[in-house]
Amino acid sequence: MLLPEGVVIDTITGTVSPSTSSYVKRVSELRGIYRDAAALDDFVSCNGDVVAYEVIDYRKPESDLAFGTTIMSPGKIGDEYFMTRGHFHVRRDCVELYYTQVGHGTLLLESRDGEVRTVDMKPGVCAFIPPDWAHRSVNTGAGKLIFVWVCAADAGHEYGGILERGMRRFVVERDGRAELVPHPKYPA
């Protein structure tokens with residue numbers, strides 16, 4: 001039987017207590033998602049293999065809901081901001097919510113038929129991610145980007161397609177501002 005439980009999500013650090021698991025992604029582990037491989041090598045050579053982001057989960061056994069936080073570091077590889085890998089859900093009927101607590105970013109979304117949308121990520125914004133849309137978070141701010149996510153516990157993550165072909169747009173810095181630019185693999 002499931003029993004009620006309070007879970008504390010720190011509004012400044014993004015820590016989750018209690019948590020059931022966590023993982024970090026270092027910049028070198030994101031090789032292949034950035035356009036400029038040489039810029040990634042240069043970044044790691046100059047700055048070390050820093051943590052790009054951390055995910056902290058709370059998954060109660062037998063529950064149909066999971067939630068947690070993603071804590072993204074600020075930074076750029078060439079002109080591209082630090083980002084998550086991006087994924088679809090294995091269960092194609094699942095929605096997900098992202099509630100931004102700290103920082104500024106762009107939620108990049110792409111439908112399976114190629115439609116691209118974005119949602120500004122800033123404190124107080126709760127982004128709705130519809131079923132069967134790939135999503136990638138991009139930290140466009142000078143500090144950490146921290147958001148709470150909520151989805152079906154069995155939604156699953158499908159990373160393969162995004163890692164192989166990339167998303168149709170990149171979020172880059174142009175004249176000190178975030179800008180969406182087309183991926184050269186796809187027609188504009």
# chains A, B, ... in the order shown; residues from 1 in each chain; ligands from 1

$ residues_around --residues "A:Phe82" --least-positions-apart "5" --cutoff "6 Å" --atoms "only C-alpha atoms" --output "list in words"
Gly75, Lys76, Val138 and Asn139 of chain A

$ write_last_selection --atoms "N, CA and C atoms" --output "mmCIF file, in the first residue's frame"
data_model
loop_
_atom_site.group_PDB
_atom_site.id
_atom_site.type_symbol
_atom_site.label_atom_id
_atom_site.label_comp_id
_atom_site.auth_asym_id
_atom_site.auth_seq_id
_atom_site.Cartn_x
_atom_site.Cartn_y
_atom_site.Cartn_z
ATOM 1 N N GLY A 75 27.215 27.551 -19.128
ATOM 2 C CA GLY A 75 28.413 27.395 -19.940
ATOM 3 C C GLY A 75 28.062 27.285 -21.405
ATOM 4 N N LYS A 76 29.098 27.322 -22.235
ATOM 5 C CA LYS A 76 28.906 27.191 -23.677
ATOM 6 C C LYS A 76 30.021 26.336 -24.263
ATOM 7 N N VAL A 138 17.957 23.884 -22.327
ATOM 8 C CA VAL A 138 19.159 24.636 -22.665
ATOM 9 C C VAL A 138 19.302 25.764 -21.651
ATOM 10 N N ASN A 139 20.448 25.813 -20.970
ATOM 11 C CA ASN A 139 20.682 26.863 -19.979
ATOM 12 C C ASN A 139 21.270 28.082 -20.680
#

$ residues_around --residues "A:Arg117" --least-positions-apart "4" --cutoff "12 Å" --atoms "only C-alpha atoms" --output "list in words"
Thr106, Leu107, Leu108, Leu109, Glu110, Ser111, Ala127, Phe128, Ile129, Pro130, Trp133, Ala134, His135, Arg136, Met167, Arg168, Arg169, Phe170, Val171 and Leu180 of chain A

$ select_by_dssp --residues "chain A" --states "strand (DSSP E)" --output "JSON, numbers by chain"
{"A": [8, 9, 16, 17, 21, 22, 23, 24, 25, 26, 51, 52, 53, 54, 55, 56, 57, 58, 59, 65, 66, 67, 68, 69, 70, 71, 72, 76, 77, 80, 81, 96, 97, 98, 99, 100, 101, 102, 105, 106, 107, 108, 109, 110, 111, 116, 117, 118, 119, 120, 121, 126, 127, 128, 129, 133, 134, 135, 136, 137, 138, 139, 145, 146, 147, 148, 149, 150, 151, 152, 169, 170, 171, 172, 173, 174, 177, 178, 179, 180, 181, 182]}

$ write_last_selection --atoms "C-alpha atoms" --output "mmCIF file, in the first residue's frame"
data_model
loop_
_atom_site.group_PDB
_atom_site.id
_atom_site.type_symbol
_atom_site.label_atom_id
_atom_site.label_comp_id
_atom_site.auth_asym_id
_atom_site.auth_seq_id
_atom_site.Cartn_x
_atom_site.Cartn_y
_atom_site.Cartn_z
ATOM 1 C CA VAL A 8 11.542 18.450 0.221
ATOM 2 C CA ILE A 9 12.781 20.145 -2.952
ATOM 3 C CA VAL A 16 15.553 16.438 -3.293
ATOM 4 C CA SER A 17 15.162 14.812 0.123
ATOM 5 C CA SER A 21 18.529 8.043 -7.322
ATOM 6 C CA SER A 22 20.625 10.609 -9.113
ATOM 7 C CA TYR A 23 23.161 10.899 -11.908
ATOM 8 C CA VAL A 24 25.401 13.510 -13.462
ATOM 9 C CA LYS A 25 26.305 14.167 -17.083
ATOM 10 C CA ARG A 26 29.725 15.624 -17.715
ATOM 11 C CA VAL A 51 29.360 18.593 -14.775
ATOM 12 C CA ALA A 52 26.904 19.891 -17.387
ATOM 13 C CA TYR A 53 23.849 18.773 -15.423
ATOM 14 C CA GLU A 54 22.592 16.578 -12.606
ATOM 15 C CA VAL A 55 19.251 14.782 -12.321
ATOM 16 C CA ILE A 56 17.810 13.827 -8.929
ATOM 17 C CA ASP A 57 14.832 11.423 -8.873
ATOM 18 C CA TYR A 58 12.074 10.526 -6.478
ATOM 19 C CA ARG A 59 10.376 7.308 -7.566
ATOM 20 C CA LEU A 65 4.173 9.081 -10.974
ATOM 21 C CA ALA A 66 7.831 10.128 -10.757
ATOM 22 C CA PHE A 67 9.350 13.542 -10.143
ATOM 23 C CA GLY A 68 12.632 15.188 -9.384
ATOM 24 C CA THR A 69 14.913 18.011 -10.394
ATOM 25 C CA THR A 70 17.440 18.813 -13.065
ATOM 26 C CA ILE A 71 20.258 21.151 -12.082
ATOM 27 C CA MET A 72 22.062 22.594 -15.103
ATOM 28 C CA LYS A 76 28.906 27.191 -23.677
ATOM 29 C CA ILE A 77 30.614 24.876 -26.124
ATOM 30 C CA GLU A 80 26.050 26.626 -28.063
ATOM 31 C CA TYR A 81 24.813 26.753 -24.497
ATOM 32 C CA GLU A 96 5.772 15.801 -18.776
ATOM 33 C CA LEU A 97 5.850 19.049 -16.795
ATOM 34 C CA TYR A 98 8.892 21.256 -16.099
ATOM 35 C CA TYR A 99 8.560 23.903 -13.385
ATOM 36 C CA THR A 100 11.481 26.336 -13.393
ATOM 37 C CA GLN A 101 12.679 27.370 -9.940
ATOM 38 C CA VAL A 102 15.980 29.133 -10.645
ATOM 39 C CA GLY A 105 16.752 28.801 -20.277
ATOM 40 C CA THR A 106 14.958 27.555 -23.339
ATOM 41 C CA LEU A 107 12.966 24.359 -23.548
ATOM 42 C CA LEU A 108 13.444 23.143 -27.119
ATOM 43 C CA LEU A 109 10.656 20.843 -28.340
ATOM 44 C CA GLU A 110 10.250 18.890 -31.566
ATOM 45 C CA SER A 111 7.336 16.736 -32.692
ATOM 46 C CA VAL A 116 9.698 22.898 -33.551
ATOM 47 C CA ARG A 117 8.519 24.971 -30.591
ATOM 48 C CA THR A 118 10.195 26.602 -27.606
ATOM 49 C CA VAL A 119 9.092 27.580 -24.112
ATOM 50 C CA ASP A 120 10.987 30.174 -22.078
ATOM 51 C CA MET A 121 12.262 28.705 -18.841
ATOM 52 C CA CYS A 126 5.513 25.582 -15.699
ATOM 53 C CA ALA A 127 6.082 24.124 -19.163
ATOM 54 C CA PHE A 128 3.695 21.504 -20.508
ATOM 55 C CA ILE A 129 5.384 18.936 -22.763
ATOM 56 C CA TRP A 133 7.391 15.616 -28.426
ATOM 57 C CA ALA A 134 11.170 15.419 -27.988
ATOM 58 C CA HIS A 135 12.444 17.878 -25.419
ATOM 59 C CA ARG A 136 15.825 19.328 -24.535
ATOM 60 C CA SER A 137 16.612 21.934 -21.890
ATOM 61 C CA VAL A 138 19.159 24.636 -22.665
ATOM 62 C CA ASN A 139 20.682 26.863 -19.979
ATOM 63 C CA LEU A 145 19.091 26.532 -14.320
ATOM 64 C CA ILE A 146 17.068 24.421 -11.884
ATOM 65 C CA PHE A 147 13.696 22.907 -12.667
ATOM 66 C CA VAL A 148 11.323 20.336 -11.194
ATOM 67 C CA TRP A 149 10.011 17.683 -13.586
ATOM 68 C CA VAL A 150 6.996 15.388 -13.223
ATOM 69 C CA CYS A 151 6.063 12.469 -15.491
ATOM 70 C CA ALA A 152 4.689 8.945 -15.545
ATOM 71 C CA ARG A 169 17.278 23.566 -34.247
ATOM 72 C CA PHE A 170 20.186 24.659 -32.077
ATOM 73 C CA VAL A 171 20.067 27.335 -29.377
ATOM 74 C CA VAL A 172 23.163 29.526 -29.781
ATOM 75 C CA GLU A 173 24.431 32.834 -28.486
ATOM 76 C CA ARG A 174 24.361 35.695 -31.003
ATOM 77 C CA ARG A 177 21.296 36.738 -26.749
ATOM 78 C CA ALA A 178 19.904 33.264 -27.268
ATOM 79 C CA GLU A 179 18.861 32.554 -30.838
ATOM 80 C CA LEU A 180 17.355 29.528 -32.560
ATOM 81 C CA VAL A 181 19.249 28.434 -35.685
ATOM 82 C CA PRO A 182 18.492 25.574 -38.099
#

$ atom_distance --atom1 "atom CA of A:Ile12" --atom2 "atom CA of A:Val95"
25.8 Å

$ closest_residue --among "A:Pro131, A:Gly166, A:Pro61, A:Gly160" --to "A:Asp93" --atoms "only C-alpha atoms"
A:Pro131

$ select_by_dssp --residues "chain A" --states "helix (DSSP H, G or I)" --output "PyMOL selection string"
chain A and resi 27-30+37-47+160-165

$ residues_around --residues "A:Asp132" --least-positions-apart "5" --cutoff "12 Å" --atoms "only C-alpha atoms" --output "list in words"
His87, Phe88, His89, Val90, Arg91, Arg92, Asp93, Cys94, Val95, Glu96, Leu109, Glu110, Ser111, Arg112, Asp113, Gly114, Glu115, Ala155, Gly156, His157 and Glu158 of chain A

$ decode --residues "stretch 98-146 of chain A" --atoms "N, CA and C atoms" --output "JSON list (two decimals), in the first residue's frame"
[["chain", "number", "residue", "atom", "x", "y", "z"],
["A", 98, "TYR", "N", 7.66, 20.66, -16.63],
["A", 98, "TYR", "CA", 8.89, 21.26, -16.10],
["A", 98, "TYR", "C", 8.51, 22.57, -15.42],
["A", 99, "TYR", "N", 8.82, 22.67, -14.13],
["A", 99, "TYR", "CA", 8.56, 23.90, -13.39],
["A", 99, "TYR", "C", 9.90, 24.54, -13.03],
["A", 100, "THR", "N", 10.20, 25.69, -13.62],
["A", 100, "THR", "CA", 11.48, 26.34, -13.39],
["A", 100, "THR", "C", 11.49, 27.05, -12.05],
["A", 101, "GLN", "N", 12.52, 26.74, -11.25],
["A", 101, "GLN", "CA", 12.68, 27.37, -9.94],
["A", 101, "GLN", "C", 13.73, 28.47, -9.96],
["A", 102, "VAL", "N", 14.84, 28.22, -10.66],
["A", 102, "VAL", "CA", 15.98, 29.13, -10.64],
["A", 102, "VAL", "C", 16.55, 29.22, -12.05],
["A", 103, "GLY", "N", 16.95, 30.42, -12.46],
["A", 103, "GLY", "CA", 17.70, 30.59, -13.70],
["A", 103, "GLY", "C", 16.84, 30.87, -14.91],
["A", 104, "HIS", "N", 17.51, 30.83, -16.07],
["A", 104, "HIS", "CA", 16.86, 31.13, -17.34],
["A", 104, "HIS", "C", 17.34, 30.15, -18.40],
["A", 105, "GLY", "N", 16.40, 29.73, -19.22],
["A", 105, "GLY", "CA", 16.75, 28.80, -20.28],
["A", 105, "GLY", "C", 15.69, 28.75, -21.34],
["A", 106, "THR", "N", 15.90, 27.81, -22.25],
["A", 106, "THR", "CA", 14.96, 27.56, -23.34],
["A", 106, "THR", "C", 14.66, 26.07, -23.35],
["A", 107, "LEU", "N", 13.39, 25.74, -23.36],
["A", 107, "LEU", "CA", 12.97, 24.36, -23.55],
["A", 107, "LEU", "C", 12.71, 24.20, -25.04],
["A", 108, "LEU", "N", 13.54, 23.39, -25.69],
["A", 108, "LEU", "CA", 13.44, 23.14, -27.12],
["A", 108, "LEU", "C", 12.63, 21.88, -27.32],
["A", 109, "LEU", "N", 11.56, 21.97, -28.11],
["A", 109, "LEU", "CA", 10.66, 20.84, -28.34],
["A", 109, "LEU", "C", 10.53, 20.57, -29.83],
["A", 110, "GLU", "N", 10.40, 19.28, -30.17],
["A", 110, "GLU", "CA", 10.25, 18.89, -31.57],
["A", 110, "GLU", "C", 9.31, 17.70, -31.66],
["A", 111, "SER", "N", 8.27, 17.84, -32.49],
["A", 111, "SER", "CA", 7.34, 16.74, -32.69],
["A", 111, "SER", "C", 7.97, 15.71, -33.63],
["A", 112, "ARG", "N", 7.43, 14.52, -33.66],
["A", 112, "ARG", "CA", 8.00, 13.49, -34.53],
["A", 112, "ARG", "C", 7.87, 13.86, -36.01],
["A", 113, "ASP", "N", 6.92, 14.73, -36.35],
["A", 113, "ASP", "CA", 6.80, 15.14, -37.75],
["A", 113, "ASP", "C", 7.60, 16.40, -38.06],
["A", 114, "GLY", "N", 8.42, 16.87, -37.10],
["A", 114, "GLY", "CA", 9.36, 17.95, -37.37],
["A", 114, "GLY", "C", 8.97, 19.34, -36.96],
["A", 115, "GLU", "N", 7.81, 19.52, -36.33],
["A", 115, "GLU", "CA", 7.45, 20.85, -35.85],
["A", 115, "GLU", "C", 8.31, 21.21, -34.65],
["A", 116, "VAL", "N", 8.82, 22.43, -34.62],
["A", 116, "VAL", "CA", 9.70, 22.90, -33.55],
["A", 116, "VAL", "C", 9.01, 24.02, -32.79],
["A", 117, "ARG", "N", 9.06, 23.93, -31.48],
["A", 117, "ARG", "CA", 8.52, 24.97, -30.59],
["A", 117, "ARG", "C", 9.51, 25.20, -29.46],
["A", 118, "THR", "N", 9.40, 26.33, -28.80],
["A", 118, "THR", "CA", 10.20, 26.60, -27.61],
["A", 118, "THR", "C", 9.29, 27.16, -26.51],
["A", 119, "VAL", "N", 9.74, 26.98, -25.28],
["A", 119, "VAL", "CA", 9.09, 27.58, -24.11],
["A", 119, "VAL", "C", 10.20, 28.24, -23.31],
["A", 120, "ASP", "N", 10.02, 29.50, -22.94],
["A", 120, "ASP", "CA", 10.99, 30.17, -22.08],
["A", 120, "ASP", "C", 10.96, 29.53, -20.70],
["A", 121, "MET", "N", 12.14, 29.26, -20.19],
["A", 121, "MET", "CA", 12.26, 28.70, -18.84],
["A", 121, "MET", "C", 12.77, 29.83, -17.94],
["A", 122, "LYS", "N", 11.94, 30.23, -17.00],
["A", 122, "LYS", "CA", 12.32, 31.23, -16.01],
["A", 122, "LYS", "C", 11.50, 30.96, -14.76],
["A", 123, "PRO", "N", 11.94, 31.46, -13.61],
["A", 123, "PRO", "CA", 11.25, 31.14, -12.36],
["A", 123, "PRO", "C", 9.76, 31.39, -12.44],
["A", 124, "GLY", "N", 9.01, 30.37, -12.03],
["A", 124, "GLY", "CA", 7.56, 30.45, -12.01],
["A", 124, "GLY", "C", 6.88, 29.90, -13.24],
["A", 125, "VAL", "N", 7.62, 29.59, -14.30],
["A", 125, "VAL", "CA", 7.01, 29.06, -15.52],
["A", 125, "VAL", "C", 6.93, 27.54, -15.43],
["A", 126, "CYS", "N", 5.73, 27.02, -15.65],
["A", 126, "CYS", "CA", 5.51, 25.58, -15.70],
["A", 126, "CYS", "C", 5.25, 25.22, -17.16],
["A", 127, "ALA", "N", 6.19, 24.50, -17.75],
["A", 127, "ALA", "CA", 6.08, 24.12, -19.16],
["A", 127, "ALA", "C", 5.37, 22.79, -19.29],
["A", 128, "PHE", "N", 4.42, 22.73, -20.20],
["A", 128, "PHE", "CA", 3.70, 21.50, -20.51],
["A", 128, "PHE", "C", 4.33, 20.90, -21.75],
["A", 129, "ILE", "N", 4.78, 19.66, -21.64],
["A", 129, "ILE", "CA", 5.38, 18.94, -22.76],
["A", 129, "ILE", "C", 4.37, 17.90, -23.22],
["A", 130, "PRO", "N", 3.78, 18.09, -24.40],
["A", 130, "PRO", "CA", 2.74, 17.17, -24.87],
["A", 130, "PRO", "C", 3.30, 15.78, -25.16],
["A", 131, "PRO", "N", 2.41, 14.79, -25.30],
["A", 131, "PRO", "CA", 2.86, 13.46, -25.67],
["A", 131, "PRO", "C", 3.57, 13.48, -27.02],
["A", 132, "ASP", "N", 4.60, 12.66, -27.12],
["A", 132, "ASP", "CA", 5.33, 12.40, -28.37],
["A", 132, "ASP", "C", 6.06, 13.63, -28.92],
["A", 133, "TRP", "N", 6.52, 14.51, -28.05],
["A", 133, "TRP", "CA", 7.39, 15.62, -28.43],
["A", 133, "TRP", "C", 8.75, 15.41, -27.76],
["A", 134, "ALA", "N", 9.82, 15.44, -28.55],
["A", 134, "ALA", "CA", 11.17, 15.42, -27.99],
["A", 134, "ALA", "C", 11.38, 16.73, -27.24],
["A", 135, "HIS", "N", 12.18, 16.67, -26.19],
["A", 135, "HIS", "CA", 12.44, 17.88, -25.42],
["A", 135, "HIS", "C", 13.88, 17.89, -24.92],
["A", 136, "ARG", "N", 14.45, 19.09, -24.96],
["A", 136, "ARG", "CA", 15.83, 19.33, -24.54],
["A", 136, "ARG", "C", 15.84, 20.66, -23.81],
["A", 137, "SER", "N", 16.48, 20.69, -22.65],
["A", 137, "SER", "CA", 16.61, 21.93, -21.89],
["A", 137, "SER", "C", 17.96, 22.57, -22.19],
["A", 138, "VAL", "N", 17.96, 23.88, -22.33],
["A", 138, "VAL", "CA", 19.16, 24.64, -22.66],
["A", 138, "VAL", "C", 19.30, 25.76, -21.65],
["A", 139, "ASN", "N", 20.45, 25.81, -20.97],
["A", 139, "ASN", "CA", 20.68, 26.86, -19.98],
["A", 139, "ASN", "C", 21.27, 28.08, -20.68],
["A", 140, "THR", "N", 20.45, 29.11, -20.89],
["A", 140, "THR", "CA", 20.88, 30.32, -21.57],
["A", 140, "THR", "C", 21.30, 31.42, -20.60],
["A", 141, "GLY", "N", 21.25, 31.15, -19.31],
["A", 141, "GLY", "CA", 21.56, 32.16, -18.31],
["A", 141, "GLY", "C", 23.01, 32.11, -17.84],
["A", 142, "ALA", "N", 23.35, 33.08, -17.01],
["A", 142, "ALA", "CA", 24.71, 33.18, -16.46],
["A", 142, "ALA", "C", 24.90, 32.30, -15.23],
["A", 143, "GLY", "N", 23.80, 31.83, -14.63],
["A", 143, "GLY", "CA", 23.87, 30.98, -13.44],
["A", 143, "GLY", "C", 23.21, 29.65, -13.70],
["A", 144, "LYS", "N", 23.03, 28.88, -12.63],
["A", 144, "LYS", "CA", 22.40, 27.57, -12.76],
["A", 144, "LYS", "C", 20.94, 27.70, -13.22],
["A", 145, "LEU", "N", 20.50, 26.69, -13.95],
["A", 145, "LEU", "CA", 19.09, 26.53, -14.32],
["A", 145, "LEU", "C", 18.59, 25.31, -13.55],
["A", 146, "ILE", "N", 17.59, 25.51, -12.71],
["A", 146, "ILE", "CA", 17.07, 24.42, -11.88],
["A", 146, "ILE", "C", 15.57, 24.31, -12.12]]
